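Structure record follows, encoded as structure tokens.
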Amino acid sequence: VSTNRRFLLARRPQGLPAPEDFELVREPLPTVGPGSFLVRNRYVSLDPAQRIWMDEAPSYMPPIPLGQPVRALAIGVVEQSDNPDFAPGDWVFGQHAIEDYTLVETGEPTRKIDVSIVDRPTRYLSAISLIGFTAYFGLLAHGKPQAGETLLVSGAAGAVGSIVGQIGRIRGCRVIGVAGGAEKVRRLTEDYGFDAAIDYRGKDVEQLAAEIGSAAPHGVDIVFENVGSTPLDAALLKLAMRARIVICGMISDYNRSEKSGARNLFQLVVKRASMEGFIVTDHIARFPEASAQIAHWLGSGELRVDEDVQEGMENTHAAFMRLFSGTNTGKLILRIA
Ligand SMILES: NC(=O)c1ccc[n+]([C@@H]2O[C@H](COP(=O)([O-])OP(=O)(O)OC[C@H]3O[C@@H](n4cnc5c(N)ncnc54)[C@H](OP(=O)(O)O)[C@@H]3O)[C@@H](O)[C@H]2O)c1
């Protein structure tokens with residue numbers, strides 16, 4: 001291949017991203033200079049965070065510049081190298097972009113991965129990397145679960161949520177999942193071993209709170225929040241004393257300019273509860289521990305991690321939209337080579 005297809009952010013989306021917000025271009029391959037190496041990206045990760053980075057609003061990472069390719073975690077294979085630590089054929093993981101080829105300069109944090117220890121390379125996007133680590137540290141370091149406590153997870157059938165619920169189950173919690181639609185509710189209990197599952201679609205805060213209350217008669221000790229809005233407001237009405245609310249994400253707000261807000265925050269006072277946000281990279285020093293533990297659970301069959309692998313860079317927009325329609329069935333990944 002002599003050209004580099006790149007999926008550029010052409011303008012900042014208003015609401016749900018439109019196909020016209022992006023442009024697929026072909027550019028010459030970058031040239032490898034001293035210390036750098038060229039990676040052929042095979043799979044890119046499609047994440048809700050990319051929608052946040054498409055906005056100009058302040059965030060934990062700078063906005064994706066207009067006219068630049070959409071930033072993405074990727075795994076791929078080194079094709080050319082002038083760096084003694086990387087040889088052609090090495091599999092690597094890094095924060096690259098939705099593009100065929102990424103030139104990695106000396107000192108950039110792309111690292112080698114050992115694909116021989118996993119059943120497929122995409123495990124480095126779905127389980128033993130940031131998604132798995134988000135679930136692991138979000139729950140264990142921030143939620144601090146104790147055996148016998150009740151854990152409520154929103155976005156429960158998704159990439160992060162499904163792992164959170166299973167780690168909670170492994171740690172002896174009673175686990176309740178909130179997700180969209182009957183099929184996801186079925187998968188939560190049958191595939192992921194949740195104790196109870198609730199469909200939030202078409203329900204208001206009071207209805208959802210009533211169902212959470214039935215599933216958690218003693219209240220919820222830990223809320224793992226991926227969604228915000230209705231699920232969060234409903235969870236706030238059913239807290240146990242000294243509950244911990246872990247804010248992992250608020251996907252229901254990502255396509256809204258007017259943010260939803262949480263209306264029942266006074267319940268933090270009533271229940272002496274705490275609410276805390278985190279970013280997975282806060283825990284970078286402990287990534288090796290999480291990686292080993294998750295690999296162990298995967299190998300023993302205690303943890304199931306599903307992947308939704310879509311095909312082709314030309315399908316990026318349609319694939320990305322699966323995150324916001326809820327049609328993704330596991331960690332959303334795009335195969336581009
Ligand atoms: N803090 C961190 O470091 C960190 C790291 C990674 C991810 N995250 C956050 O974790 C959350 C989950 O990410 P993921 O990668 O695992 O994605 P995911 O859950 O696999 O996919 C997104 C899911 O969100 C639900 N959703 C989408 N729009 C919604 C809406 N308007 N209202 C309610 N639910 C909606 C859909 O499920 P339903 O069909 O159930 O609606 C969809 O399947 C996101 O909030 C993300 O930003 C945080």
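By convention here, the chains of the structure tokens are called A, B, ... in the order presented, each chain's residues are numbered starting at 1, and ligands are numbered starting at 1 in the order presented.
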### Task
Quick one: pick out all strand (DSSP E) residues within range 23-67 of chain A from a backbone DSSP run and write them as a PyMOL selection string.
chain A and resi 23-28+37-45
Write a file of the just-selected residues containing N, CA, C and O atoms, as an mmCIF file, in the first residue's frame.
```cif
data_model
loop_
_atom_site.group_PDB
_atom_site.id
_atom_site.type_symbol
_atom_site.label_atom_id
_atom_site.label_comp_id
_atom_site.auth_asym_id
_atom_site.auth_seq_id
_atom_site.Cartn_x
_atom_site.Cartn_y
_atom_site.Cartn_z
ATOM 1 N N GLU A 23 -14.149 13.486 7.092
ATOM 2 C CA GLU A 23 -13.704 13.352 5.701
ATOM 3 C C GLU A 23 -12.653 12.253 5.638
ATOM 4 O O GLU A 23 -11.721 12.227 6.460
ATOM 5 N N LEU A 24 -12.839 11.334 4.706
ATOM 6 C CA LEU A 24 -11.853 10.262 4.516
ATOM 7 C C LEU A 24 -10.924 10.681 3.383
ATOM 8 O O LEU A 24 -11.379 10.883 2.254
ATOM 9 N N VAL A 25 -9.647 10.855 3.696
ATOM 10 C CA VAL A 25 -8.700 11.338 2.684
ATOM 11 C C VAL A 25 -7.581 10.311 2.485
ATOM 12 O O VAL A 25 -7.393 9.411 3.317
ATOM 13 N N ARG A 26 -6.882 10.433 1.391
ATOM 14 C CA ARG A 26 -5.705 9.601 1.116
ATOM 15 C C ARG A 26 -4.496 10.510 1.038
ATOM 16 O O ARG A 26 -4.506 11.486 0.293
ATOM 17 N N GLU A 27 -3.491 10.173 1.808
ATOM 18 C CA GLU A 27 -2.277 10.985 1.828
ATOM 19 C C GLU A 27 -1.087 10.070 1.595
ATOM 20 O O GLU A 27 -1.185 8.854 1.786
ATOM 21 N N PRO A 28 0.061 10.635 1.196
ATOM 22 C CA PRO A 28 1.255 9.792 1.044
ATOM 23 C C PRO A 28 1.669 9.210 2.392
ATOM 24 O O PRO A 28 1.386 9.796 3.443
ATOM 25 N N PHE A 37 9.299 4.922 13.960
ATOM 26 C CA PHE A 37 8.863 3.708 13.262
ATOM 27 C C PHE A 37 7.440 3.876 12.753
ATOM 28 O O PHE A 37 6.674 4.700 13.256
ATOM 29 N N LEU A 38 7.115 3.102 11.739
ATOM 30 C CA LEU A 38 5.821 3.224 11.071
ATOM 31 C C LEU A 38 4.963 2.003 11.404
ATOM 32 O O LEU A 38 5.382 0.863 11.207
ATOM 33 N N VAL A 39 3.757 2.287 11.925
ATOM 34 C CA VAL A 39 2.849 1.213 12.319
ATOM 35 C C VAL A 39 1.689 1.121 11.329
ATOM 36 O O VAL A 39 1.082 2.143 10.988
ATOM 37 N N ARG A 40 1.413 -0.090 10.876
ATOM 38 C CA ARG A 40 0.184 -0.339 10.120
ATOM 39 C C ARG A 40 -0.891 -0.663 11.143
ATOM 40 O O ARG A 40 -0.855 -1.714 11.799
ATOM 41 N N ASN A 41 -1.838 0.275 11.350
ATOM 42 C CA ASN A 41 -2.906 0.037 12.324
ATOM 43 C C ASN A 41 -3.847 -1.041 11.791
ATOM 44 O O ASN A 41 -4.300 -0.971 10.646
ATOM 45 N N ARG A 42 -4.121 -2.053 12.606
ATOM 46 C CA ARG A 42 -5.019 -3.129 12.181
ATOM 47 C C ARG A 42 -6.438 -2.922 12.724
ATOM 48 O O ARG A 42 -7.412 -3.091 12.021
ATOM 49 N N TYR A 43 -6.515 -2.592 14.008
ATOM 50 C CA TYR A 43 -7.815 -2.376 14.672
ATOM 51 C C TYR A 43 -7.736 -1.065 15.434
ATOM 52 O O TYR A 43 -6.730 -0.787 16.099
ATOM 53 N N VAL A 44 -8.826 -0.277 15.351
ATOM 54 C CA VAL A 44 -8.909 0.930 16.171
ATOM 55 C C VAL A 44 -10.098 0.804 17.113
ATOM 56 O O VAL A 44 -11.095 0.150 16.808
ATOM 57 N N SER A 45 -9.959 1.426 18.263
ATOM 58 C CA SER A 45 -10.991 1.399 19.281
ATOM 59 C C SER A 45 -11.951 2.555 19.027
ATOM 60 O O SER A 45 -11.519 3.686 18.794
#
```
### Query
So which residues touch His317 in chain A within 12 Å, counting only C-alpha atoms, skipping near sequence neighbours fewer than 2 positions away, as a ChimeraX atom specification?
/A:7-9,13,16-24,46,50-51,70,98,310-315,319-324,334
Grab the residues selected above and save them as an mmCIF file, in the first residue's frame with N, CA and C atoms.
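See again-v5.cif below for the written result:
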```cif
data_model
loop_
_atom_site.group_PDB
_atom_site.id
_atom_site.type_symbol
_atom_site.label_atom_id
_atom_site.label_comp_id
_atom_site.auth_asym_id
_atom_site.auth_seq_id
_atom_site.Cartn_x
_atom_site.Cartn_y
_atom_site.Cartn_z
ATOM 1 N N PHE A 7 -9.082 9.302 8.579
ATOM 2 C CA PHE A 7 -10.453 9.709 8.853
ATOM 3 C C PHE A 7 -10.403 11.000 9.677
ATOM 4 N N LEU A 8 -10.615 12.127 8.969
ATOM 5 C CA LEU A 8 -10.392 13.437 9.586
ATOM 6 C C LEU A 8 -11.651 13.997 10.222
ATOM 7 N N LEU A 9 -11.465 14.785 11.271
ATOM 8 C CA LEU A 9 -12.558 15.584 11.824
ATOM 9 C C LEU A 9 -12.630 16.864 10.998
ATOM 10 N N PRO A 13 -19.109 18.364 15.565
ATOM 11 C CA PRO A 13 -20.510 17.937 15.505
ATOM 12 C C PRO A 13 -21.395 18.789 16.422
ATOM 13 N N LEU A 16 -25.711 14.685 17.663
ATOM 14 C CA LEU A 16 -25.160 13.426 17.145
ATOM 15 C C LEU A 16 -24.252 13.710 15.962
ATOM 16 N N PRO A 17 -23.083 13.093 15.886
ATOM 17 C CA PRO A 17 -22.195 13.326 14.742
ATOM 18 C C PRO A 17 -22.873 12.936 13.417
ATOM 19 N N ALA A 18 -22.688 13.779 12.398
ATOM 20 C CA ALA A 18 -23.225 13.508 11.067
ATOM 21 C C ALA A 18 -22.078 13.045 10.171
ATOM 22 N N PRO A 19 -22.390 12.302 9.103
ATOM 23 C CA PRO A 19 -21.308 11.869 8.199
ATOM 24 C C PRO A 19 -20.487 13.039 7.676
ATOM 25 N N GLU A 20 -21.148 14.195 7.480
ATOM 26 C CA GLU A 20 -20.452 15.367 6.927
ATOM 27 C C GLU A 20 -19.474 15.996 7.919
ATOM 28 N N ASP A 21 -19.492 15.562 9.153
ATOM 29 C CA ASP A 21 -18.530 16.094 10.126
ATOM 30 C C ASP A 21 -17.128 15.504 9.903
ATOM 31 N N PHE A 22 -17.051 14.521 9.007
ATOM 32 C CA PHE A 22 -15.785 13.805 8.824
ATOM 33 C C PHE A 22 -15.412 13.782 7.352
ATOM 34 N N GLU A 23 -14.149 13.486 7.092
ATOM 35 C CA GLU A 23 -13.704 13.352 5.701
ATOM 36 C C GLU A 23 -12.653 12.253 5.638
ATOM 37 N N LEU A 24 -12.839 11.334 4.706
ATOM 38 C CA LEU A 24 -11.853 10.262 4.516
ATOM 39 C C LEU A 24 -10.924 10.681 3.383
ATOM 40 N N LEU A 46 -13.257 2.268 19.036
ATOM 41 C CA LEU A 46 -14.258 3.333 18.947
ATOM 42 C C LEU A 46 -14.858 3.508 20.337
ATOM 43 N N GLN A 50 -14.245 9.661 22.317
ATOM 44 C CA GLN A 50 -13.912 10.367 21.065
ATOM 45 C C GLN A 50 -14.932 11.468 20.774
ATOM 46 N N ARG A 51 -16.197 11.211 21.164
ATOM 47 C CA ARG A 51 -17.219 12.247 20.967
ATOM 48 C C ARG A 51 -16.896 13.476 21.817
ATOM 49 N N VAL A 70 -9.162 11.518 13.593
ATOM 50 C CA VAL A 70 -9.782 11.286 14.895
ATOM 51 C C VAL A 70 -8.854 10.417 15.735
ATOM 52 N N ILE A 98 -7.505 7.224 13.667
ATOM 53 C CA ILE A 98 -8.188 6.385 12.679
ATOM 54 C C ILE A 98 -7.510 6.663 11.338
ATOM 55 N N GLN A 310 -16.540 -4.202 13.922
ATOM 56 C CA GLN A 310 -17.094 -3.715 12.659
ATOM 57 C C GLN A 310 -15.960 -3.610 11.638
ATOM 58 N N GLU A 311 -16.348 -3.572 10.371
ATOM 59 C CA GLU A 311 -15.358 -3.702 9.301
ATOM 60 C C GLU A 311 -15.212 -2.427 8.479
ATOM 61 N N GLY A 312 -13.990 -1.970 8.274
ATOM 62 C CA GLY A 312 -13.686 -1.010 7.223
ATOM 63 C C GLY A 312 -13.713 0.445 7.630
ATOM 64 N N MET A 313 -12.640 1.162 7.267
ATOM 65 C CA MET A 313 -12.559 2.580 7.633
ATOM 66 C C MET A 313 -13.689 3.385 7.002
ATOM 67 N N GLU A 314 -14.167 2.961 5.818
ATOM 68 C CA GLU A 314 -15.271 3.696 5.180
ATOM 69 C C GLU A 314 -16.556 3.608 5.993
ATOM 70 N N ASN A 315 -16.624 2.667 6.927
ATOM 71 C CA ASN A 315 -17.808 2.524 7.787
ATOM 72 C C ASN A 315 -17.643 3.170 9.155
ATOM 73 N N ALA A 319 -20.316 2.876 12.234
ATOM 74 C CA ALA A 319 -19.889 2.045 13.361
ATOM 75 C C ALA A 319 -19.887 2.863 14.650
ATOM 76 N N PHE A 320 -19.362 4.072 14.578
ATOM 77 C CA PHE A 320 -19.278 4.938 15.768
ATOM 78 C C PHE A 320 -20.671 5.200 16.350
ATOM 79 N N MET A 321 -21.663 5.354 15.463
ATOM 80 C CA MET A 321 -23.011 5.671 15.928
ATOM 81 C C MET A 321 -23.636 4.529 16.738
ATOM 82 N N ARG A 322 -23.090 3.330 16.597
ATOM 83 C CA ARG A 322 -23.617 2.205 17.388
ATOM 84 C C ARG A 322 -23.526 2.489 18.890
ATOM 85 N N LEU A 323 -22.513 3.266 19.288
ATOM 86 C CA LEU A 323 -22.353 3.588 20.713
ATOM 87 C C LEU A 323 -23.528 4.400 21.233
ATOM 88 N N PHE A 324 -24.123 5.221 20.361
ATOM 89 C CA PHE A 324 -25.159 6.154 20.821
ATOM 90 C C PHE A 324 -26.567 5.630 20.560
ATOM 91 N N LEU A 334 -13.107 -1.286 15.389
ATOM 92 C CA LEU A 334 -13.181 -1.220 13.934
ATOM 93 C C LEU A 334 -11.925 -1.851 13.346
#
```
### Query
Which residues come within 8 Å of range 231-241 of chain A, counting only C-alpha atoms, excluding same-chain residues fewer than 5 positions away, as a list in words?
Leu152, Ser154, Val178, Tyr200, Val205, Glu206, Leu208, Ala209, Ile212, Gly213, His218, Gly219, Val220, Asp221, Val223, Glu225, Ala262, Arg263, Asn264, Leu265, Gln267, Leu268, Lys271, Arg272 and Ala273 of chain A
### Query
So, counting only C-alpha atoms and all ligand atoms, which residue among A:Thr316, A:Ser126, A:Ser214, A:Ser300 is closest to ligand 1?
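So, comparing all the options, the nearest one is A:Ser126.
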### Task
Return the single residue from A:Val78, A:Val309, A:Ile113, A:Leu303 that is closest to Asp191 in chain A, with distances computed using only C-alpha atoms.
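Among A:Val78, A:Val309, A:Ile113, A:Leu303, it is A:Leu303 that comes nearest to Asp191 in chain A.
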Output as a CSV table (one decimal) with N, CA and C atoms, in the first residue's frame all residues of range 85-293 of chain A that backbone DSSP marks as helix (DSSP H, G or I).
```
chain,number,residue,atom,x,y,z
A,115,VAL,N,0.9,-10.8,21.6
A,115,VAL,CA,-0.3,-11.3,21.2
A,115,VAL,C,-0.4,-12.9,21.4
A,116,SER,N,0.7,-13.5,21.8
A,116,SER,CA,0.7,-14.9,21.9
A,116,SER,C,0.1,-15.4,23.2
A,117,ILE,N,-0.2,-14.4,24.2
A,117,ILE,CA,-0.8,-14.8,25.4
A,117,ILE,C,-2.3,-14.6,25.5
A,123,ARG,N,-8.0,-8.4,22.2
A,123,ARG,CA,-8.1,-8.4,23.7
A,123,ARG,C,-7.4,-7.1,24.3
A,124,TYR,N,-6.4,-6.6,23.5
A,124,TYR,CA,-5.7,-5.5,24.0
A,124,TYR,C,-6.5,-4.2,23.8
A,125,LEU,N,-7.7,-4.3,23.1
A,125,LEU,CA,-8.6,-3.1,23.1
A,125,LEU,C,-9.8,-3.3,24.0
A,126,SER,N,-10.2,-4.6,24.2
A,126,SER,CA,-11.4,-4.9,24.9
A,126,SER,C,-11.3,-5.2,26.4
A,130,LEU,N,-7.2,-0.3,28.4
A,130,LEU,CA,-7.9,0.8,29.2
A,130,LEU,C,-9.3,0.4,29.6
A,131,ILE,N,-10.1,-0.3,28.7
A,131,ILE,CA,-11.5,-0.6,29.1
A,131,ILE,C,-11.5,-1.5,30.4
A,132,GLY,N,-10.7,-2.6,30.3
A,132,GLY,CA,-10.7,-3.4,31.5
A,132,GLY,C,-10.2,-2.7,32.7
A,133,PHE,N,-9.2,-1.8,32.5
A,133,PHE,CA,-8.6,-1.1,33.7
A,133,PHE,C,-9.6,-0.1,34.2
A,134,THR,N,-10.4,0.5,33.3
A,134,THR,CA,-11.4,1.4,33.8
A,134,THR,C,-12.4,0.7,34.7
A,135,ALA,N,-12.8,-0.5,34.3
A,135,ALA,CA,-13.7,-1.2,35.2
A,135,ALA,C,-13.0,-1.6,36.5
A,136,TYR,N,-11.8,-2.1,36.4
A,136,TYR,CA,-11.1,-2.6,37.5
A,136,TYR,C,-10.8,-1.5,38.6
A,137,PHE,N,-10.3,-0.4,38.2
A,137,PHE,CA,-9.9,0.7,39.1
A,137,PHE,C,-11.1,1.5,39.5
A,138,GLY,N,-12.1,1.7,38.6
A,138,GLY,CA,-13.3,2.4,38.9
A,138,GLY,C,-14.0,1.7,40.0
A,139,LEU,N,-14.1,0.4,39.9
A,139,LEU,CA,-14.9,-0.3,40.9
A,139,LEU,C,-14.0,-0.5,42.2
A,140,LEU,N,-12.8,-1.1,42.0
A,140,LEU,CA,-12.1,-1.5,43.2
A,140,LEU,C,-11.5,-0.3,44.0
A,141,ALA,N,-10.9,0.6,43.2
A,141,ALA,CA,-10.2,1.7,43.9
A,141,ALA,C,-11.2,2.8,44.4
A,142,HIS,N,-12.2,3.1,43.6
A,142,HIS,CA,-13.1,4.1,43.9
A,142,HIS,C,-14.4,3.6,44.6
A,143,GLY,N,-15.0,2.5,44.1
A,143,GLY,CA,-16.2,2.0,44.6
A,143,GLY,C,-16.0,1.2,46.0
A,159,ALA,N,-19.1,-2.2,27.2
A,159,ALA,CA,-17.8,-2.7,27.4
A,159,ALA,C,-17.3,-2.5,28.8
A,160,VAL,N,-17.4,-1.3,29.4
A,160,VAL,CA,-16.9,-1.1,30.7
A,160,VAL,C,-17.9,-1.8,31.7
A,161,GLY,N,-19.2,-1.5,31.5
A,161,GLY,CA,-20.2,-1.9,32.5
A,161,GLY,C,-20.3,-3.4,32.7
A,162,SER,N,-20.2,-4.2,31.6
A,162,SER,CA,-20.2,-5.6,31.7
A,162,SER,C,-19.1,-6.2,32.5
A,163,ILE,N,-17.9,-5.5,32.4
A,163,ILE,CA,-16.8,-6.0,33.2
A,163,ILE,C,-16.9,-5.6,34.7
A,164,VAL,N,-17.4,-4.4,34.9
A,164,VAL,CA,-17.7,-3.9,36.3
A,164,VAL,C,-18.6,-4.9,37.0
A,165,GLY,N,-19.7,-5.2,36.4
A,165,GLY,CA,-20.6,-6.1,37.0
A,165,GLY,C,-20.0,-7.5,37.4
A,166,GLN,N,-19.2,-8.0,36.5
A,166,GLN,CA,-18.6,-9.3,36.7
A,166,GLN,C,-17.5,-9.2,37.8
A,167,ILE,N,-16.8,-8.1,37.8
A,167,ILE,CA,-15.8,-8.0,38.9
A,167,ILE,C,-16.5,-7.9,40.3
A,168,GLY,N,-17.6,-7.1,40.2
A,168,GLY,CA,-18.4,-7.0,41.5
A,168,GLY,C,-18.9,-8.4,41.9
A,169,ARG,N,-19.4,-9.2,41.0
A,169,ARG,CA,-19.9,-10.5,41.3
A,169,ARG,C,-18.7,-11.4,41.9
A,170,ILE,N,-17.5,-11.3,41.3
A,170,ILE,CA,-16.4,-12.0,41.7
A,170,ILE,C,-16.0,-11.6,43.2
A,182,ALA,N,-34.8,-5.4,26.0
A,182,ALA,CA,-35.0,-6.7,26.6
A,182,ALA,C,-33.8,-7.7,26.4
A,183,GLU,N,-33.2,-7.6,25.2
A,183,GLU,CA,-32.1,-8.5,24.9
A,183,GLU,C,-30.9,-8.2,25.8
A,184,LYS,N,-30.6,-6.9,26.0
A,184,LYS,CA,-29.5,-6.6,26.9
A,184,LYS,C,-29.8,-7.1,28.3
A,185,VAL,N,-31.0,-6.9,28.8
A,185,VAL,CA,-31.4,-7.4,30.1
A,185,VAL,C,-31.2,-8.9,30.2
A,186,ARG,N,-31.6,-9.6,29.2
A,186,ARG,CA,-31.3,-11.0,29.2
A,186,ARG,C,-29.8,-11.4,29.3
A,187,ARG,N,-29.0,-10.6,28.5
A,187,ARG,CA,-27.6,-10.9,28.5
A,187,ARG,C,-27.0,-10.6,29.9
A,188,LEU,N,-27.5,-9.6,30.5
A,188,LEU,CA,-26.9,-9.3,31.8
A,188,LEU,C,-26.9,-10.4,32.8
A,189,THR,N,-28.1,-11.0,32.9
A,189,THR,CA,-28.2,-12.1,33.9
A,189,THR,C,-27.7,-13.4,33.3
A,190,GLU,N,-27.9,-13.7,32.0
A,190,GLU,CA,-27.5,-15.0,31.5
A,190,GLU,C,-26.1,-15.1,31.1
A,205,VAL,N,-37.8,8.8,36.0
A,205,VAL,CA,-36.9,8.6,37.2
A,205,VAL,C,-37.7,7.8,38.3
A,206,GLU,N,-38.9,8.2,38.5
A,206,GLU,CA,-39.7,7.5,39.6
A,206,GLU,C,-39.9,6.0,39.3
A,207,GLN,N,-40.2,5.7,38.0
A,207,GLN,CA,-40.4,4.3,37.6
A,207,GLN,C,-39.2,3.5,37.8
A,208,LEU,N,-38.1,4.1,37.3
A,208,LEU,CA,-36.8,3.4,37.3
A,208,LEU,C,-36.4,3.2,38.8
A,209,ALA,N,-36.6,4.2,39.6
A,209,ALA,CA,-36.2,4.1,41.0
A,209,ALA,C,-37.0,3.0,41.7
A,210,ALA,N,-38.3,2.9,41.3
A,210,ALA,CA,-39.1,1.8,42.0
A,210,ALA,C,-38.5,0.5,41.6
A,211,GLU,N,-38.1,0.3,40.4
A,211,GLU,CA,-37.5,-1.0,40.0
A,211,GLU,C,-36.2,-1.3,40.7
A,212,ILE,N,-35.4,-0.2,40.8
A,212,ILE,CA,-34.1,-0.4,41.5
A,212,ILE,C,-34.4,-0.8,43.0
A,213,GLY,N,-35.4,-0.1,43.5
A,213,GLY,CA,-35.8,-0.4,44.9
A,213,GLY,C,-36.2,-1.9,45.1
A,214,SER,N,-36.9,-2.4,44.2
A,214,SER,CA,-37.4,-3.8,44.3
A,214,SER,C,-36.2,-4.8,44.2
A,215,ALA,N,-35.2,-4.4,43.3
A,215,ALA,CA,-34.0,-5.3,43.2
A,215,ALA,C,-33.0,-5.1,44.3
A,229,SER,N,-28.0,11.4,33.8
A,229,SER,CA,-29.4,11.7,33.6
A,229,SER,C,-30.4,10.7,34.4
A,230,THR,N,-31.3,10.1,33.7
A,230,THR,CA,-32.4,9.3,34.4
A,230,THR,C,-31.8,8.2,35.3
A,231,PRO,N,-30.9,7.4,34.8
A,231,PRO,CA,-30.4,6.3,35.6
A,231,PRO,C,-29.7,6.9,36.9
A,232,LEU,N,-28.9,8.0,36.8
A,232,LEU,CA,-28.3,8.5,37.9
A,232,LEU,C,-29.3,9.1,38.9
A,233,ASP,N,-30.3,9.9,38.4
A,233,ASP,CA,-31.3,10.4,39.3
A,233,ASP,C,-32.1,9.3,40.0
A,234,ALA,N,-32.3,8.2,39.3
A,234,ALA,CA,-33.1,7.1,39.9
A,234,ALA,C,-32.2,6.5,41.0
A,235,ALA,N,-30.9,6.2,40.7
A,235,ALA,CA,-30.0,5.6,41.7
A,235,ALA,C,-29.9,6.4,42.9
A,236,LEU,N,-29.9,7.8,42.8
A,236,LEU,CA,-29.7,8.7,43.9
A,236,LEU,C,-30.9,8.5,44.9
A,251,ILE,N,-22.5,9.2,29.3
A,251,ILE,CA,-22.7,9.2,27.8
A,251,ILE,C,-24.0,9.8,27.4
A,252,SER,N,-25.0,9.9,28.3
A,252,SER,CA,-26.3,10.5,27.8
A,252,SER,C,-26.2,12.0,27.6
A,253,ASP,N,-25.1,12.6,28.1
A,253,ASP,CA,-24.8,14.0,27.9
A,253,ASP,C,-23.9,14.3,26.7
A,266,PHE,N,-29.4,16.1,46.7
A,266,PHE,CA,-29.6,16.2,48.2
A,266,PHE,C,-29.6,14.8,48.9
A,267,GLN,N,-29.8,13.8,48.1
A,267,GLN,CA,-29.7,12.4,48.7
A,267,GLN,C,-28.3,12.1,49.2
A,268,LEU,N,-27.3,12.8,48.7
A,268,LEU,CA,-25.9,12.6,49.2
A,268,LEU,C,-25.9,13.1,50.7
A,269,VAL,N,-26.6,14.1,51.0
A,269,VAL,CA,-26.7,14.6,52.4
A,269,VAL,C,-27.4,13.6,53.2
A,270,VAL,N,-28.6,13.2,52.8
A,270,VAL,CA,-29.5,12.3,53.5
A,270,VAL,C,-28.7,11.0,53.9
A,280,VAL,N,-9.1,6.7,34.0
A,280,VAL,CA,-8.4,5.5,34.1
A,280,VAL,C,-6.9,5.7,34.3
A,281,THR,N,-6.3,6.7,33.5
A,281,THR,CA,-4.9,6.8,33.5
A,281,THR,C,-4.4,7.4,34.9
A,282,ASP,N,-5.3,7.8,35.8
A,282,ASP,CA,-4.9,8.1,37.2
A,282,ASP,C,-4.1,6.9,37.8
A,283,HIS,N,-4.4,5.7,37.3
A,283,HIS,CA,-4.0,4.5,38.0
A,283,HIS,C,-2.9,3.8,37.2
A,284,ILE,N,-2.2,4.6,36.3
A,284,ILE,CA,-1.2,4.0,35.4
A,284,ILE,C,-0.2,3.1,36.1
A,285,ALA,N,0.2,3.6,37.3
A,285,ALA,CA,1.3,2.8,38.1
A,285,ALA,C,0.9,1.4,38.4
A,286,ARG,N,-0.4,1.2,38.5
A,286,ARG,CA,-0.9,-0.2,38.8
A,286,ARG,C,-1.5,-0.9,37.6
A,287,PHE,N,-1.2,-0.4,36.4
A,287,PHE,CA,-1.7,-1.2,35.2
A,287,PHE,C,-1.2,-2.6,35.1
A,288,PRO,N,0.0,-2.9,35.5
A,288,PRO,CA,0.5,-4.3,35.4
A,288,PRO,C,-0.3,-5.2,36.3
A,289,GLU,N,-0.7,-4.8,37.5
A,289,GLU,CA,-1.5,-5.6,38.4
A,289,GLU,C,-2.8,-5.9,37.8
A,290,ALA,N,-3.5,-4.8,37.2
A,290,ALA,CA,-4.8,-5.0,36.6
A,290,ALA,C,-4.7,-5.9,35.4
A,291,SER,N,-3.7,-5.8,34.6
A,291,SER,CA,-3.5,-6.6,33.4
A,291,SER,C,-3.4,-8.0,33.8
A,292,ALA,N,-2.6,-8.3,34.8
A,292,ALA,CA,-2.4,-9.7,35.2
A,292,ALA,C,-3.7,-10.3,35.8
A,293,GLN,N,-4.4,-9.5,36.6
A,293,GLN,CA,-5.6,-10.0,37.2
A,293,GLN,C,-6.7,-10.3,36.1
```
Spatial neighbours of Ser257 in chain A, max dist 10 Å, only C-alpha atoms, sep filter under 4 positions, as a compact mmCIF listing (two decimals) with C-alpha atoms, in the first residue's frame:
```
# COMPACT_ATOMS: atom_id res chain seq x y z
CA GLN A 14 -23.66 19.60 16.82
CA GLY A 15 -25.53 16.88 18.68
CA ASP A 55 -16.04 19.23 21.09
CA ASP A 253 -24.83 14.01 27.86
```
### Query
Between atom 15 (O, counted along the ligand's line) of ligand 1 and CA of Ala295 in chain A, what is the spacing in Å?
18.8 Å
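Take the candidates A:Val227, A:Ala243, A:Val32, A:Ile294 and check each one against ligand 1 using only C-alpha atoms and all ligand atoms; the shortest distance goes to A:Val227.
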### Task
Report the distance between CA of Gly228 in chain A and atom 10 (O, counted along the ligand's line) of ligand 1 in Å, rounded to one decimal place.
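Those two atoms sit 10.6 Å apart.
CA of Ala147 in chain A is positioned 22.7 Å from CA of Val305 in chain A.
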#### Entry: Non-local contacts of Tyr60 in chain A (10 Å; only C-alpha atoms; under 6 positions in same chain excluded) as a VMD selection string
chain A and resid 52 to 53 279
Please save C-alpha atoms of the selected residues as a JSON list (two decimals), in the first residue's frame.
```
[["chain", "number", "residue", "atom", "x", "y", "z"],
["A", 52, "ILE", "CA", -16.02, 14.35, 23.93],
["A", 53, "TRP", "CA", -12.73, 15.12, 22.16],
["A", 279, "ILE", "CA", -9.89, 8.88, 34.67]]
```
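Of the listed residues A:Lys203, A:Gly89, A:Ile75, A:Asp100, the one whose atoms come nearest to Arg120 in chain A is A:Ile75, with distances taken using only C-alpha atoms.
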